[in-house]
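A.B. asks: The structure is given below, and queries will be raised subsequently.
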2 protein chains.
Amino acid sequence: MQIDAALDALSTVLGQRLSRSKSDLDLHGRSETWFPLSPPDAVAYPESTQEVSQIMKICAAHNVPVTGWGTGTSLEGQSLAVSGGVVVDFTRMNKLLAVHQGDMDAVVQPGLTREELNEELRATGLFFPVDPGANASLGGMASTRASGTTAVRYGTMRDNITGLEVVLSDGRIIRTGTRARKTSAGYDLTGLFVGAEGTLGLITELTLRLQGQPEATLAAICAFDTVDDAVRAVIDTIQMGLSMARIELLDTETAKAFNAYAGATMPESPHLMIEFHGSENGVKEMAETFGEIIADHNGHGFDWATRAEDRNALWTMRHNGAYAIFAARPGWKSLVTDVCVPISRLAEAVNDTAADLEQAGIYGPILGHVGDGNFHSVIMFDPDDPEQMKTVKAASERMVDRALAMGGTATGEHGIGMGKLGYMEKEHGDGWQVMGAIKQALDPENLLNPGKMVPPRN
Amino acid sequence: MQIDAALDALSTVLGQRLSRSKSDLDLHGRSETWFPLSPPDAVAYPESTQEVSQIMKICAAHNVPVTGWGTGTSLEGQSLAVSGGVVVDFTRMNKLLAVHQGDMDAVVQPGLTREELNEELRATGLFFPVDPGANASLGGMASTRASGTTAVRYGTMRDNITGLEVVLSDGRIIRTGTRARKTSAGYDLTGLFVGAEGTLGLITELTLRLQGQPEATLAAICAFDTVDDAVRAVIDTIQMGLSMARIELLDTETAKAFNAYAGATMPESPHLMIEFHGSENGVKEMAETFGEIIADHNGHGFDWATRAEDRNALWTMRHNGAYAIFAARPGWKSLVTDVCVPISRLAEAVNDTAADLEQAGIYGPILGHVGDGNFHSVIMFDPDDPEQMKTVKAASERMVDRALAMGGTATGEHGIGMGKLGYMEKEHGDGWQVMGAIKQALDPENLLNPGKMVPPRN
Ligand SMILES: Cc1cc2nc3c(=O)[nH]c(=O)nc-3n(C[C@H](O)[C@H](O)[C@H](O)COP(=O)(O)OP(=O)(O)OC[C@H]3O[C@@H](n4cnc5c(N)ncnc54)[C@H](O)[C@@H]3O)c2cc1C
Ligand SMILES: Cc1cc2nc3c(=O)[nH]c(=O)nc-3n(C[C@H](O)[C@H](O)[C@H](O)COP(=O)(O)OP(=O)(O)OC[C@H]3O[C@@H](n4cnc5c(N)ncnc54)[C@H](O)[C@@H]3O)c2cc1C
């Protein structure tokens with residue numbers, strides 16, 4: 001790595017938009033969770049695809065690693081430049097380039113956040129459904145294959161992108177996909193870059209599918225005596241074919257954290273939060289059926305939020321879930337882990353995890369997008385207690401092992417980063433080597449977010 | 001290629017299940033459309049993944065090309081072994097291995113056809129929605145990224161597979177994906193093999209998402225004065241957010257062919273065929289709204305098929321569309337082409353294509369899955385008239401060029417094979433080179449369906 005020569009050349013292109021200030025390096029060296037500070041050598045703020053391509057060419061010429069950065073909210077240390085080099089921060093590439101109302105798609109730059117996009121779409125009657133809670137950038141969301149509360153109805157980032165513009169490791173710019181809603185023209189490159197965590201290329205533009213704002217929306221929260229009751233209600237709901245827009249589980253500890261953080265007055269027991277989208281009659285019909293299902297599982301305290309304010313309050317509380325739990329242990333660090341299992345194993349997976357955490361004496365509230373079989377534990381630990389850290393890591397490892405043993409995956413939506421790299425071989429076997437071969441083909445010099453995702457090179 | 005040594009070794013493994021009979025070679029050397037006969041050197045009928053792996057290892061050792069074969073219904077010559085070698089016919093790997101009712105998924109071997117699968121699922125209340133009309137194999141459908149009439153509601157093969165077992169070019173066996181409904185664990189290998197037309201590996205098992213059989217189904221056909229009216233009705237339907245399970249366009253020539261072939265008595269004008277899935281009330285509500293939309297576009301002769309027999313008759317007629325058109329020109333050959341454009345350009349694309357074909361004096365009825373912006377022309381020509389063949393090819397090229405110019409794709413669902421290879425560079429630019437790099441990484445000896453999909457090697 002010839003970092004000084006690279007930075008000189010980059011300065012010429014970017015001027016003040018190449019930053020080496022300590023505060024900026026530290027800001028881009030931190031993550032939302034427990035990973036140690038890992039500042040890059042510099043942060044670049046490009047304003048165009050051409051500039052990204054130039055940055056990439058310069059870094060390639062000087063063998064300098066390049067790591068993309070959206071809003072840095074990823075939970076597994078994805079955006080940390082663990083081998084140093086340049087972080088490319090997409091904050092200044094945050095334009096909504098086009099909305100095609102008739103085609104229900106939008107073309108955006110990667111730095112635009114999902115809340116900004118939906119704000120801009122408000123008057124169009126359309127919205128972008130993928131909702132990971134955090135106000136993440138769309139480029140970052142694509143790169144982690146994010147999903148969140150609405151995936152049960154609208155799918156994940158994998159399902160909501162029809163095309164990308166990508167800068168490759170040698171600076172070439174390609175377009176994947178088109179504005180057509182489907183295609184059989186060749187390998188699915190769009191799908192390959194989605195979820196690649198910036199290890200195969202830098203996304204400089206996205207074409208996103210939009211949805212029509214539903215005629216009617218109905219949300220509710222209701223309490224259950226046990227997590228088991230709540231999860232079994234979810235399974236029944238899915239098997240009845242009820243089309244939920246959101247269905248979220250909170251366990252008792254999460255309810256307590258909400259009460260403390262958001263001044264909620266929930267019973268201290270497990271809850272489901274649910275939302276339906278459809279026609280006026282449609283959502284009523286669904287709500288009735290859902291009411292019958294939860295009655296079968298001892299659901300109670302059913303509270304419908306029909307007004308937009310009440311719904312927003314409900315989902316804001318949910319979206320602050322992780323922060324509420326962080327706040328419950330001031331000064332501690334978090335290890336936020338997510339797994340996804342076949343729906344039929346969900347009750348078992350959640351119960352076993354809860355029991356395991358309890359037995360290990362760990363504070364790790366569980367919450368999740370249970371309509372997909374996906375759940376998280378926000379595990380807190382005292383960073384000054386190395387024993388506790390070990391206990392916590394071992395428990396999170398058992399959580400993944402259980403998910404894999406049930407035919408599930410090590411991560412439903414948070415991705416690999418540094419935290420889950422150790423499970424790749426276990427989950428994929430020789431498939432992991434195939435990923436390595438693809439990485440080698442597209443990034444032969446291992447410049448893009450090195451140290452992540454694929455097997456180490458010999 | 002040391003074909004004799006390879007065939008000797010294969011015989012030892014497969015015995016009678018390695019066929020070199022002329023009839024078998026010819027059968028596997030033909031396609032549904034105009035491509036010249038291209039018989040392989042041998043046809044292998046494996047019965048297990050292990051056998052597929054052995055076949056692949058033997059062929060790799062002797063540098064013999066290997067081409068997968070499902071039911072041979074692909075329309076662009078995908079399954080033709082244009083460089084000779086061994087065709088692997090998956091007919092004997094046609095088991096439904098498991099149905100997980102609670103998880104709404106099924107594990108199948110690649111040779112199982114979609115009709116066989118749905119027959120076996122009938123009692124479960126579940127079904128597999130992807131419907132390309134032809135009774136294709138699920139491995140073939142995955143490999144062409146097939147879709148068909150129901151993609152507008154349920155998505156394409158890309159959206160309905162959670163995992164694959166694949167034999168790589170060196171005989172290694174990998175699993176991609178899990179039984180979880182979503183994952184962020186690494187590169188999307190499942191998505192990479194889907195649509196790869198057997199150029200990256202042989203699919204030996206698929207895990208498929210199933211859907212609940214809808215409580216109520218309502219289908220209808222209605223006539224329009226012009227294709228333009230029909231397409232504009234489709235656009236309005238989509239923009240109203242009506243959730244159609246199917247919406248199909250037939251032009252006047254197709255209606256004529258249906259009348260002649262299936263003894264139908266349709267008015268000789270453009271038609272839409274539509275289907276709704278939902279609750280009893282839901283489908284009624286949708287039908288009413290749809291009735292209002294088509295009234296705005298001079299739709300008439302609206303005929304609802306509520307009984308299952310009537311619906312089946314309707315869709316059987318549609319599924320025989322290509323055969324009805326083939327029958328209209330006995331002794332002629334067909335060039336079946338498909339493109340997909342952004343919905344907003346659909347009316348223009350269909351109109352321009354129809355006008356172009358008419359002006360060129362070509363018989364090429366148009367029909368399509370217009371809810372996705374996808375339409376086909378089944379172009380007929382006299383194989384003994386080389387001038388006509390030239391005219392036909394030029395017209396189909398203009399059809400693709402128009403689609404690309406509108407932000408669409410050269411193929412919405414039929415795939416690349418031999419017929420569309422010439423458009424890959426135009427559609428993908430440098431992205432096509434990236435596909436070549438991936439092919440090189442996964443199949444360095446170019447053994448799997450060589451001559452297809454990627455740029456020729458130097
Ligand atoms: C409170 C909280 C709740 C969350 N809830 C969810 C949830 O419900 N569901 C969910 O899926 N996630 C969730 N997350 C995780 C996080 O929001 C997602 O991972 C998000 O997708 C990250 O987006 P970002 O813009 O912050 O990306 P970053 O963290 O900046 O980057 C993520 C990865 O993408 C790469 N990258 C960024 N931009 C580009 C680009 N343009 N081109 C190529 N690579 C790029 C980075 O190098 C890195 O590898 C949550 C996070 C928090 C803090
Ligand atoms: C009348 C008619 C109507 C049609 N309508 C539609 C439609 O509406 N929508 C649509 O999408 N298609 C349609 N098609 C095209 C066709 O049905 C699809 O392309 C189908 O997916 C092909 O499946 P198959 O089993 O016949 O595959 P094949 O034709 O046998 O093979 C297709 C490709 O897949 C490869 N392959 C096959 N099996 C495997 C395997 N196990 N592993 C790896 N590679 C494999 C082959 O090498 C080849 O490249 C239609 C075809 C006909 C004849």
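The way I read the labels, and the way they are meant: chains A, B, ... in the order of the structure tokens, residue 1 as the first residue of every chain, and ligand 1 as the first ligand shown, with later ones counted on from there.
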Can you work out which residues from chain A touch chain B at a cut-off of 7 Å (counting only C-alpha atoms) and hand them back as a PyMOL selection string?

C.D. replies: chain A and resi 102-103+144-145+174-176+178-188+191-192+195-196+212+239+241+282+340-344+372+407-416+428+430-431+435+437-438+441+453

A.B. asks: Which residues sit within 6 Å of ligand 2, counting only C-alpha atoms and all ligand atoms, listed as a ChimeraX atom specification?

C.D. replies: /B:32,67-75,78-79,110,132-134,136-137,139-141,143-144,146-148,197-198,201-204,322,413-414

A.B. asks: I want to know what sits within 12 Å of Glu116 in chain A, based on only C-alpha atoms, with residues of the same chain fewer than 3 positions away left out; could you give that as a list in words?

C.D. replies: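 Final neighbour list, sorted by chain and number: Asn94, Lys95, Leu96, Val108, Gln109, Pro110, Gly111, Leu112, Thr113, Glu119, Glu120, Leu121, Arg122, Phe127, Phe128, Asn135, Ala136, Ser137 and Leu138 of chain A.
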
A.B. asks: Kindly export the residues of the current selection with C-alpha atoms, as a PDB file, in the first residue's frame.

C.D. replies:
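Saved result, result.pdb, follows:
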ATOM      1  CA  ASN A  94     -27.733  11.761  -1.850  1.00  0.00           C
ATOM      2  CA  LYS A  95     -29.968  12.892  -4.686  1.00  0.00           C
ATOM      3  CA  LEU A  96     -33.270  11.469  -5.763  1.00  0.00           C
ATOM      4  CA  VAL A 108     -31.461   7.336  -6.460  1.00  0.00           C
ATOM      5  CA  GLN A 109     -27.894   7.989  -5.453  1.00  0.00           C
ATOM      6  CA  PRO A 110     -26.569   5.644  -2.764  1.00  0.00           C
ATOM      7  CA  GLY A 111     -26.221   8.243  -0.027  1.00  0.00           C
ATOM      8  CA  LEU A 112     -29.919   9.093   0.031  1.00  0.00           C
ATOM      9  CA  THR A 113     -31.507   7.683   3.189  1.00  0.00           C
ATOM     10  CA  GLU A 119     -40.248  12.232   2.480  1.00  0.00           C
ATOM     11  CA  GLU A 120     -39.651  13.187  -1.138  1.00  0.00           C
ATOM     12  CA  LEU A 121     -42.133  10.586  -2.368  1.00  0.00           C
ATOM     13  CA  ARG A 122     -44.908  11.657  -0.039  1.00  0.00           C
ATOM     14  CA  PHE A 127     -43.412   4.790  -1.059  1.00  0.00           C
ATOM     15  CA  PHE A 128     -40.315   2.661  -0.700  1.00  0.00           C
ATOM     16  CA  ASN A 135     -32.408   5.854   8.848  1.00  0.00           C
ATOM     17  CA  ALA A 136     -29.816   4.050   6.750  1.00  0.00           C
ATOM     18  CA  SER A 137     -28.561   4.984   3.285  1.00  0.00           C
ATOM     19  CA  LEU A 138     -30.048   3.099   0.364  1.00  0.00           C
TER      20      LEU A 138
END

A.B. asks: Record the distance separating CA of Ala313 in chain A and CA of His277 in chain A, expressed in Å with one decimal.

C.D. replies: 17.4 Å

A.B. asks: DSSP on the backbone, then: every residue of range 55-276 of chain A marked alpha helix (DSSP H), written as a ChimeraX atom specification.

C.D. replies: /A:55-61,114-121,138-144,151-154,189-193,227-239,252-262

A.B. asks: Show which residues sit within 7 Å of Ser38 in chain B, as a PyMOL selection string. Count only C-alpha atoms, and ignore same-chain residues fewer than 5 positions away.

C.D. replies: chain B and resi 29-30+80-82

A.B. asks: Residues of range 150-313 of chain A in strand (DSSP E) according to DSSP, as a VMD selection string?

C.D. replies: chain A and resid 161 to 167 173 to 177 202 to 209 211 to 212 216 to 223 244 to 250 271 to 278 300 to 305

A.B. asks: Distance CA of Ala305 in chain A-CA of Asp229 in chain A, one decimal place?

C.D. replies: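 Separation between CA of Ala305 in chain A and CA of Asp229 in chain A: 22.2 Å.
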
A.B. asks: When you draw a straight line from CA of Ser243 in chain A to CA of Arg153 in chain A, how long is it in Å?

C.D. replies: 6.7 Å

A.B. asks: What's the 10 Å shell around Asp384 in chain A, counting only C-alpha atoms, without same-chain residues fewer than 3 positions away, as a list in words?

C.D. replies: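 The residues that qualify are Gly331, Trp332, Lys333, Phe381, Glu387, Gln388 and Met389 of chain A.
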
A.B. asks: Taking into account only C-alpha atoms, which residue in the set B:Glu445, B:Ala233, B:Ser23, B:Glu348 is nearest to Ile293 in chain B?

C.D. replies: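 Selected residue with least distance to Ile293 in chain B: B:Ala233.
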